[in-house]
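Trainee: Below is the file upload_11.cif, which contains mmCIF, C-alpha atoms.
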```
data_structure
#
loop_
_atom_site.label_atom_id
_atom_site.label_comp_id
_atom_site.auth_asym_id
_atom_site.auth_seq_id
_atom_site.Cartn_x
_atom_site.Cartn_y
_atom_site.Cartn_z
CA MET A 1 -22.79 -136.77 174.68
CA ASN A 2 -22.78 -134.92 177.97
CA ASP A 3 -19.17 -133.94 178.43
CA PRO A 4 -18.72 -130.71 176.38
CA GLU A 5 -15.02 -131.32 175.86
CA LYS A 6 -15.65 -134.83 174.55
CA SER A 7 -18.43 -133.50 172.36
CA MET A 8 -16.15 -130.86 170.90
CA ASN A 9 -13.36 -133.35 170.25
CA TYR A 10 -15.84 -135.65 168.54
CA LEU A 11 -17.13 -132.78 166.38
CA ILE A 12 -13.58 -131.77 165.43
CA ASP A 13 -12.82 -135.34 164.36
CA LYS A 14 -16.08 -135.42 162.43
CA TYR A 15 -15.29 -132.09 160.70
CA TYR A 16 -11.91 -133.29 159.46
CA ASP A 17 -12.67 -136.93 158.86
CA LYS A 18 -16.02 -136.23 157.20
CA THR A 19 -17.82 -139.13 158.88
CA ASP A 20 -21.54 -139.56 158.32
CA ASP A 21 -22.59 -139.97 161.93
CA LYS A 22 -25.72 -138.06 162.70
CA ILE A 23 -25.77 -135.54 165.47
CA ASP A 24 -29.00 -135.57 167.42
CA ILE A 25 -28.54 -133.27 170.35
CA GLN A 26 -29.33 -129.64 169.57
CA GLN A 27 -26.42 -128.45 171.70
CA ASP A 28 -24.06 -130.47 169.56
CA LYS A 29 -25.67 -129.12 166.40
CA ASP A 30 -25.05 -125.57 167.61
CA MET A 31 -21.48 -126.41 168.49
CA GLN A 32 -21.04 -127.99 165.09
CA LYS A 33 -22.28 -124.82 163.37
CA LYS A 34 -19.98 -122.65 165.43
CA LEU A 35 -17.05 -124.96 164.74
CA ALA A 36 -17.69 -125.09 161.01
CA SER A 37 -18.11 -121.32 160.82
CA SER A 38 -14.85 -120.68 162.69
CA LEU A 39 -12.80 -123.18 160.75
CA ASP A 40 -14.22 -122.02 157.42
CA LYS A 41 -13.12 -118.48 158.30
CA MET A 42 -9.58 -119.78 158.83
CA ASN A 43 -9.53 -120.76 155.14
CA ALA A 44 -9.14 -117.08 154.23
CA ILE A 45 -5.37 -117.43 154.53
CA LYS A 46 -5.20 -120.75 152.68
CA ASP A 47 -3.55 -119.26 149.59
CA MET A 48 -1.57 -116.64 151.46
CA ASP A 49 1.76 -115.94 149.81
CA PHE A 50 4.71 -113.66 150.49
CA ASP A 51 6.97 -112.07 147.93
CA ILE A 52 9.84 -114.42 148.70
CA ASP A 53 11.67 -116.84 146.48
CA VAL A 54 14.54 -119.26 146.73
CA ASN A 55 16.70 -120.16 143.73
CA ILE A 56 16.52 -123.94 143.87
CA MET A 57 19.40 -124.70 141.52
CA LYS A 58 21.68 -122.22 143.31
CA THR A 59 20.81 -123.88 146.63
CA ILE A 60 21.63 -127.31 145.20
CA VAL A 61 24.99 -126.08 143.90
CA SER A 62 25.80 -124.44 147.28
CA ALA A 63 24.90 -127.61 149.14
CA GLN A 64 27.09 -129.72 146.87
CA GLU A 65 29.98 -127.28 147.33
CA ILE A 66 29.61 -127.56 151.10
CA SER A 67 29.56 -131.36 150.79
CA ASN A 68 32.70 -131.34 148.63
CA LYS A 69 34.57 -129.04 151.02
CA LYS A 70 33.68 -131.31 153.92
CA ARG A 71 34.84 -134.38 151.98
CA VAL A 72 38.13 -132.72 150.97
CA PHE A 73 38.74 -131.66 154.58
CA ILE A 74 38.16 -135.19 155.86
CA GLU A 75 40.38 -136.66 153.12
CA THR A 76 43.17 -134.17 153.88
CA LEU A 77 42.91 -134.95 157.58
CA GLY A 78 43.01 -138.67 156.83
CA PHE A 79 45.99 -138.24 154.52
CA GLY A 80 47.83 -136.19 157.13
CA ALA A 81 47.14 -138.77 159.82
CA LEU A 82 48.34 -141.57 157.54
CA CYS A 83 51.57 -139.71 156.67
CA ILE A 84 52.34 -139.01 160.32
CA SER A 85 51.70 -142.67 161.26
CA LEU A 86 53.97 -143.87 158.44
CA LEU A 87 56.78 -141.50 159.38
CA LEU A 88 56.50 -142.41 163.06
CA THR A 89 56.56 -146.13 162.18
CA VAL A 90 59.61 -145.73 159.93
CA GLY A 91 61.30 -143.60 162.58
CA PHE A 92 60.57 -146.19 165.24
CA ILE A 93 61.95 -149.04 163.10
CA VAL A 94 65.10 -147.06 162.23
CA PHE A 95 65.86 -146.23 165.85
CA LYS A 96 64.84 -149.63 167.23
CA PHE A 97 67.00 -151.62 164.82
CA ARG A 98 69.63 -148.90 164.35
CA LEU A 99 69.26 -148.85 160.58
CA PHE A 100 70.66 -145.35 160.16
CA THR A 101 73.09 -146.15 157.36
CA GLN A 102 70.55 -148.25 155.45
CA VAL A 103 67.98 -145.48 155.69
CA LEU A 104 70.51 -142.94 154.41
CA TYR A 105 71.29 -145.09 151.37
CA ALA A 106 67.57 -145.70 150.76
CA GLU A 107 66.84 -141.96 150.91
CA LEU A 108 69.67 -141.19 148.48
CA LEU A 109 68.34 -143.81 146.09
CA ILE A 110 64.82 -142.40 146.31
CA PHE A 111 65.95 -138.79 145.73
CA ILE A 112 67.95 -139.85 142.64
CA ILE A 113 65.25 -142.06 141.09
CA MET A 114 62.22 -139.91 142.00
CA PRO A 115 62.73 -137.13 139.38
CA PHE A 116 62.99 -139.75 136.63
CA VAL A 117 59.62 -141.12 137.74
CA ILE A 118 57.75 -137.91 138.58
CA ILE A 119 58.72 -135.74 135.61
CA PRO A 120 57.49 -138.08 132.83
CA PHE A 121 54.34 -138.83 134.82
CA ALA A 122 53.62 -135.11 135.34
CA LYS A 123 54.26 -134.45 131.68
CA TYR A 124 51.87 -137.25 130.68
CA ALA A 125 49.20 -135.91 133.09
CA SER A 126 49.50 -132.33 131.75
CA MET A 127 49.33 -133.60 128.15
CA LYS A 128 46.17 -135.50 128.98
CA GLU A 129 44.64 -132.38 130.60
CA GLY A 130 45.57 -130.32 127.57
CA ASN A 131 43.81 -132.77 125.24
CA LEU A 132 40.61 -132.56 127.36
CA MET B 1 11.11 -140.70 135.35
CA ASP B 2 8.90 -141.82 138.24
CA GLU B 3 9.43 -140.46 141.75
CA ARG B 4 11.37 -143.46 142.98
CA GLU B 5 13.78 -143.28 140.04
CA THR B 6 14.13 -139.51 140.55
CA LEU B 7 14.92 -140.13 144.23
CA ILE B 8 17.59 -142.68 143.39
CA GLN B 9 19.17 -140.25 140.92
CA ALA B 10 18.94 -137.41 143.44
CA LYS B 11 20.65 -139.50 146.12
CA ALA B 12 23.42 -140.24 143.61
CA GLY B 13 23.99 -136.47 143.28
CA ASN B 14 22.18 -135.85 139.98
CA LYS B 15 21.46 -132.08 140.03
CA SER B 16 18.60 -132.33 137.56
CA ALA B 17 16.84 -134.99 139.66
CA LEU B 18 17.37 -132.93 142.83
CA ASN B 19 16.01 -129.85 141.08
CA SER B 20 12.98 -131.78 139.89
CA LEU B 21 12.22 -133.14 143.38
CA MET B 22 12.59 -129.75 145.04
CA THR B 23 10.59 -127.87 142.41
CA GLU B 24 7.72 -130.33 142.70
CA ASN B 25 7.48 -129.88 146.47
CA TYR B 26 8.37 -126.18 146.59
CA PRO B 27 4.80 -124.73 146.64
CA LEU B 28 3.73 -126.98 149.52
CA LEU B 29 6.88 -126.28 151.50
CA LYS B 30 6.69 -122.53 150.90
CA GLY B 31 3.01 -122.37 151.87
CA TYR B 32 3.62 -124.33 155.04
CA ILE B 33 6.56 -122.19 156.13
CA ILE B 34 4.69 -118.95 155.39
CA LYS B 35 1.78 -120.04 157.58
CA MET B 36 4.11 -121.25 160.30
CA THR B 37 6.16 -118.06 160.51
CA GLY B 38 3.74 -115.31 159.48
CA ASN B 39 6.77 -113.18 158.63
CA PRO B 40 8.33 -112.87 155.15
CA ASP B 41 11.93 -112.40 156.33
CA ILE B 42 11.84 -115.37 158.69
CA ALA B 43 9.99 -117.43 156.08
CA GLN B 44 12.70 -116.69 153.50
CA ASP B 45 15.46 -117.78 155.90
CA ILE B 46 13.65 -120.93 157.01
CA LEU B 47 12.82 -121.88 153.43
CA GLN B 48 16.41 -121.37 152.30
CA GLU B 49 17.87 -123.36 155.18
CA THR B 50 15.33 -126.16 154.80
CA MET B 51 16.17 -126.67 151.16
CA LEU B 52 19.90 -126.51 151.88
CA LYS B 53 19.60 -129.13 154.62
CA ALA B 54 17.40 -131.34 152.45
CA VAL B 55 20.03 -131.41 149.69
CA LEU B 56 22.91 -131.90 152.15
CA HIS B 57 21.19 -134.81 153.88
CA ILE B 58 19.39 -136.36 150.89
CA ASN B 59 21.13 -139.66 151.58
CA LYS B 60 19.35 -139.92 154.92
CA PHE B 61 15.94 -139.93 153.24
CA ILE B 62 14.21 -143.33 153.15
CA PRO B 63 12.30 -143.68 149.85
CA GLU B 64 9.45 -145.58 151.53
CA ALA B 65 8.24 -142.33 153.12
CA LYS B 66 6.81 -139.31 151.26
CA PHE B 67 9.43 -136.75 150.26
CA SER B 68 7.10 -133.86 151.11
CA THR B 69 6.63 -135.26 154.63
CA TRP B 70 10.39 -135.35 155.08
CA LEU B 71 10.71 -131.74 153.89
CA ILE B 72 7.99 -130.66 156.33
CA LYS B 73 9.91 -132.42 159.11
CA ILE B 74 13.11 -130.55 158.25
CA ALA B 75 11.27 -127.23 157.99
CA THR B 76 9.61 -127.71 161.38
CA ASN B 77 12.93 -128.58 163.02
CA VAL B 78 14.66 -125.59 161.40
CA TYR B 79 11.90 -123.30 162.65
CA ARG B 80 12.02 -124.84 166.13
CA ASP B 81 15.80 -124.26 166.27
CA TYR B 82 15.28 -120.71 165.06
CA LEU B 83 12.78 -120.04 167.87
CA ARG B 84 15.09 -121.53 170.49
CA LYS B 85 18.09 -119.62 169.21
CA ASN B 86 16.30 -116.30 169.02
CA LYS B 87 13.90 -116.82 171.96
CA ILE B 88 11.53 -114.48 170.20
CA GLN B 89 7.93 -113.83 170.96
CA GLU B 90 6.16 -115.08 167.90
CA GLU B 91 4.16 -112.32 166.32
CA ILE B 92 2.95 -111.53 162.89
CA ASP B 93 4.59 -108.82 160.89
CA GLU B 94 2.04 -106.00 161.08
CA THR B 95 3.30 -104.58 157.80
CA PHE B 96 3.10 -107.79 155.82
CA GLU B 97 1.47 -107.69 152.46
CA SER B 98 0.22 -110.90 151.11
CA ARG B 99 0.44 -111.72 147.42
CA SER B 100 -2.71 -113.82 147.54
CA PRO B 101 -6.00 -112.50 146.07
CA GLY B 102 -6.44 -109.30 148.06
CA PRO B 103 -9.01 -109.06 150.79
CA GLU B 104 -11.10 -106.79 148.54
CA GLU B 105 -11.46 -109.65 146.14
CA ILE B 106 -12.40 -112.23 148.72
CA SER B 107 -14.70 -109.95 150.68
CA ILE B 108 -12.98 -110.00 153.99
CA SER B 109 -11.38 -107.01 155.61
CA MET B 110 -7.62 -106.66 156.03
CA GLU B 111 -8.28 -106.55 159.77
CA GLU B 112 -9.97 -109.92 159.69
CA PHE B 113 -7.15 -111.27 157.55
CA LYS B 114 -4.59 -110.13 160.11
CA SER B 115 -6.79 -111.41 162.95
CA ILE B 116 -6.82 -114.88 161.41
CA MET B 117 -3.04 -114.81 161.09
CA SER B 118 -2.78 -113.55 164.64
CA ILE B 119 -4.96 -116.45 165.88
CA LEU B 120 -2.63 -118.86 164.14
CA MET B 121 0.36 -117.27 165.82
CA LYS B 122 -1.33 -117.56 169.24
CA MET B 123 -0.79 -121.32 169.04
CA SER B 124 2.52 -122.84 170.05
CA TYR B 125 4.55 -123.89 167.00
CA GLU B 126 3.76 -127.59 167.68
CA LYS B 127 -0.01 -127.00 167.66
CA ARG B 128 0.25 -124.62 164.70
CA ALA B 129 2.15 -127.22 162.67
CA VAL B 130 -0.54 -129.83 163.33
CA PHE B 131 -3.34 -127.41 162.55
CA ILE B 132 -1.74 -126.21 159.31
CA LEU B 133 -1.02 -129.71 158.06
CA LYS B 134 -4.51 -130.97 158.92
CA HIS B 135 -6.61 -127.94 158.04
CA TYR B 136 -4.86 -126.53 155.00
CA TYR B 137 -3.18 -129.60 153.52
CA GLY B 138 -5.48 -132.43 154.58
CA TYR B 139 -2.70 -134.59 156.00
CA LYS B 140 -3.82 -137.72 157.82
CA TYR B 141 -3.04 -138.06 161.51
CA GLU B 142 -0.45 -140.75 160.80
CA GLU B 143 1.30 -138.55 158.21
CA ILE B 144 1.41 -135.63 160.63
CA ALA B 145 2.76 -137.92 163.35
CA ALA B 146 5.53 -139.05 160.97
CA ALA B 147 6.33 -135.47 159.93
CA LEU B 148 6.45 -134.13 163.48
CA ASP B 149 7.94 -137.22 165.10
CA CYS B 150 5.25 -137.70 167.73
CA PRO B 151 2.51 -140.26 168.47
CA VAL B 152 -0.85 -140.09 166.70
CA GLY B 153 -2.55 -139.47 170.06
CA THR B 154 -0.41 -136.36 170.58
CA VAL B 155 -1.34 -135.13 167.10
CA ARG B 156 -5.06 -135.49 167.87
CA SER B 157 -4.67 -133.78 171.22
CA ARG B 158 -2.72 -130.87 169.68
CA LEU B 159 -5.30 -130.47 166.93
CA HIS B 160 -8.14 -130.34 169.44
CA SER B 161 -6.24 -127.81 171.48
CA ALA B 162 -5.49 -125.72 168.37
CA VAL B 163 -9.15 -125.67 167.35
CA ASP B 164 -10.09 -124.66 170.89
CA ILE B 165 -7.77 -121.67 170.54
CA VAL B 166 -9.38 -120.81 167.19
CA LEU B 167 -12.88 -120.93 168.69
CA ASN B 168 -12.00 -118.96 171.80
CA GLU B 169 -10.12 -116.29 169.89
CA MET B 170 -12.86 -115.90 167.31
CA GLU B 171 -15.40 -115.48 170.07
CA ARG B 172 -13.23 -113.02 171.91
CA ARG B 173 -12.73 -110.95 168.73
CA LYS B 174 -16.43 -111.25 167.90
CA MET B 175 -15.64 -112.80 164.55
CA ILE B 176 -18.39 -115.41 164.96
#
```
Once you've parsed the file, please lay out its structure as structure tokens.
Mentor:
Amino acid sequence: MNDPEKSMNYLIDKYYDKTDDKIDIQQDKDMQKKLASSLDKMNAIKDMDFDIDVNIMKTIVSAQEISNKKRVFIETLGFGALCISLLLTVGFIVFKFRLFTQVLYAELLIFIIMPFVIIPFAKYASMKEGNL
Amino acid sequence: MDERETLIQAKAGNKSALNSLMTENYPLLKGYIIKMTGNPDIAQDILQETMLKAVLHINKFIPEAKFSTWLIKIATNVYRDYLRKNKIQEEIDETFESRSPGPEEISISMEEFKSIMSILMKMSYEKRAVFILKHYYGYKYEEIAAALDCPVGTVRSRLHSAVDIVLNEMERRKMI
């Protein structure tokens, strides 16, 4: 091989791929020795280590907390957007069809019935939590 | 539990499976980052952020590939972003103390040890990544290409260039 760069690239590939091709030219043999010597010297830092450590479990917990916060944020945003859309829709229907009186009666009904629904449900939920 | 089963569990959020995966690949990842950065403080930050990102984005990992390759990819990207953000001149920490068998035990001087590290830091981070993965970890060209997101031809060319730097520097420092 006459081109020195090509020769070197070939020798590098041979060094790492451990092929069995024979090298005949003395120049290439010298280059091979120099290459092997240099690269073997680089192995001195193979097992180099620093006094650093990362708590894997703590990192996992932190990552999952970040994930949960992101999910809660997106859910809250989604909930807020849904509420606003619902209110706007109801508002639009009320004003479009002039259902003011009907809406008033509906709201009164809801405010009267709601405590009778929410209080037992909340009590049941807190009892269940207490048993856990 | 085989690796595939562990991966499935990890993707489902099982902490024990995640811990098992990370612990298994921790030595390789740590060694790679240490050689890439040459600085304990930077290595600590990069290692921490890599593991955090790996857990956060575990669902993006495709089980057909090697998990260690994916971790290497994340680590390289984190380090690249760190370099861009800080625009620092890469240099080894002159005061670093390695925990590996001391130079006295392996018959090379501390100066030579630091010279070798300095030669590594002379390479651009792309060439250094290829050299580290090939020379110290025996990765195949295709695996390196997958880890660094570049063609196999580019990997070969970077490796040749990295070895050229090693040879020239060693000659210049009269180490060979």
Trainee: What is the atom CA of B:Asn25 to atom CA of B:Met117 distance in Å?
Mentor: 23.5 Å
Trainee: Which distance in Å separates atom CA of A:Ala63 and atom CA of B:Val55, to one decimal?
Mentor: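 Going from atom CA of A:Ala63 over to atom CA of B:Val55, I get 6.2 Å.
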Trainee: Could you check the closest approach to A:Glu5 for each of B:Glu3, B:Glu171, B:Tyr139, B:Ser157 and tell me which residue wins, using only C-alpha atoms?
Mentor: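 Residue with the minimum atom-to-atom distance to A:Glu5: B:Ser157.
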Trainee: Taking (16.8, -121.4, 158.3) in the file's coordinates, which residues come within 10 Å, counting only C-alpha atoms, written as a PyMOL selection string?
Mentor: chain B and resi 42-53+74-75+77-82
Trainee: Please identify every residue of stretch 7-93 of chain A that has at least one atom no farther than 10 Å from an atom of stretch 34-37 of chain B, counting only C-alpha atoms, and for each give the shortest atom pair and the distance in Å to one decimal, arranged by chain then increasing number, as CSV.
Mentor:
```
residue,atom,partner,partner_atom,distance
A:Ile45,CA,B:Lys35,CA,8.2
A:Lys46,CA,B:Lys35,CA,8.6
A:Asp47,CA,B:Lys35,CA,9.6
A:Met48,CA,B:Ile34,CA,7.7
A:Asp49,CA,B:Ile34,CA,7.0
A:Phe50,CA,B:Ile34,CA,7.2
A:Ile52,CA,B:Ile34,CA,9.6
```
Trainee: Restricting the calculation to only C-alpha atoms: of A:Leu39, A:Val117, A:Met31, A:Val54, which residue gets closest to B:Ala162?
Mentor: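 Smallest separation from B:Ala162 among the options: A:Leu39.
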Trainee: What would stretch 51-65 of chain A look like with N, CA, C and O atoms in place, written as a compact mmCIF listing (two decimals), in the coordinates of the input?
Mentor:
```txt
# COMPACT_ATOMS: atom_id res chain seq x y z
N ASP A 51 6.12 -112.32 149.08
CA ASP A 51 6.97 -112.07 147.93
C ASP A 51 8.39 -112.56 148.24
O ASP A 51 9.33 -111.76 148.38
N ILE A 52 8.52 -113.85 148.43
CA ILE A 52 9.84 -114.42 148.70
C ILE A 52 10.09 -115.53 147.70
O ILE A 52 9.15 -116.12 147.19
N ASP A 53 11.34 -115.77 147.42
CA ASP A 53 11.67 -116.84 146.48
C ASP A 53 13.06 -117.38 146.74
O ASP A 53 13.94 -116.63 147.18
N VAL A 54 13.23 -118.64 146.54
CA VAL A 54 14.54 -119.26 146.73
C VAL A 54 14.96 -119.89 145.40
O VAL A 54 14.18 -120.60 144.78
N ASN A 55 16.18 -119.59 144.98
CA ASN A 55 16.70 -120.16 143.73
C ASN A 55 17.11 -121.61 144.02
O ASN A 55 18.10 -121.87 144.70
N ILE A 56 16.32 -122.53 143.52
CA ILE A 56 16.52 -123.94 143.87
C ILE A 56 17.86 -124.47 143.36
O ILE A 56 18.61 -125.11 144.09
N MET A 57 18.16 -124.17 142.11
CA MET A 57 19.40 -124.70 141.52
C MET A 57 20.63 -124.15 142.25
O MET A 57 21.59 -124.87 142.52
N LYS A 58 20.57 -122.87 142.59
CA LYS A 58 21.68 -122.22 143.31
C LYS A 58 21.87 -122.88 144.67
O LYS A 58 23.00 -123.12 145.11
N THR A 59 20.75 -123.21 145.33
CA THR A 59 20.81 -123.88 146.63
C THR A 59 21.44 -125.26 146.49
O THR A 59 22.26 -125.66 147.33
N ILE A 60 21.08 -125.97 145.44
CA ILE A 60 21.63 -127.31 145.20
C ILE A 60 23.14 -127.22 144.99
O ILE A 60 23.91 -127.99 145.58
N VAL A 61 23.56 -126.26 144.18
CA VAL A 61 24.99 -126.08 143.90
C VAL A 61 25.74 -125.73 145.19
O VAL A 61 26.80 -126.29 145.46
N SER A 62 25.17 -124.82 145.99
CA SER A 62 25.80 -124.44 147.28
C SER A 62 25.94 -125.64 148.19
O SER A 62 26.99 -125.85 148.81
N ALA A 63 24.89 -126.44 148.27
CA ALA A 63 24.90 -127.61 149.14
C ALA A 63 25.97 -128.60 148.69
O ALA A 63 26.70 -129.15 149.52
N GLN A 64 26.09 -128.79 147.39
CA GLN A 64 27.09 -129.72 146.87
C GLN A 64 28.49 -129.19 147.09
O GLN A 64 29.42 -129.97 147.37
N GLU A 65 28.66 -127.87 147.04
CA GLU A 65 29.98 -127.28 147.33
C GLU A 65 30.35 -127.52 148.79
O GLU A 65 31.49 -127.85 149.11
```
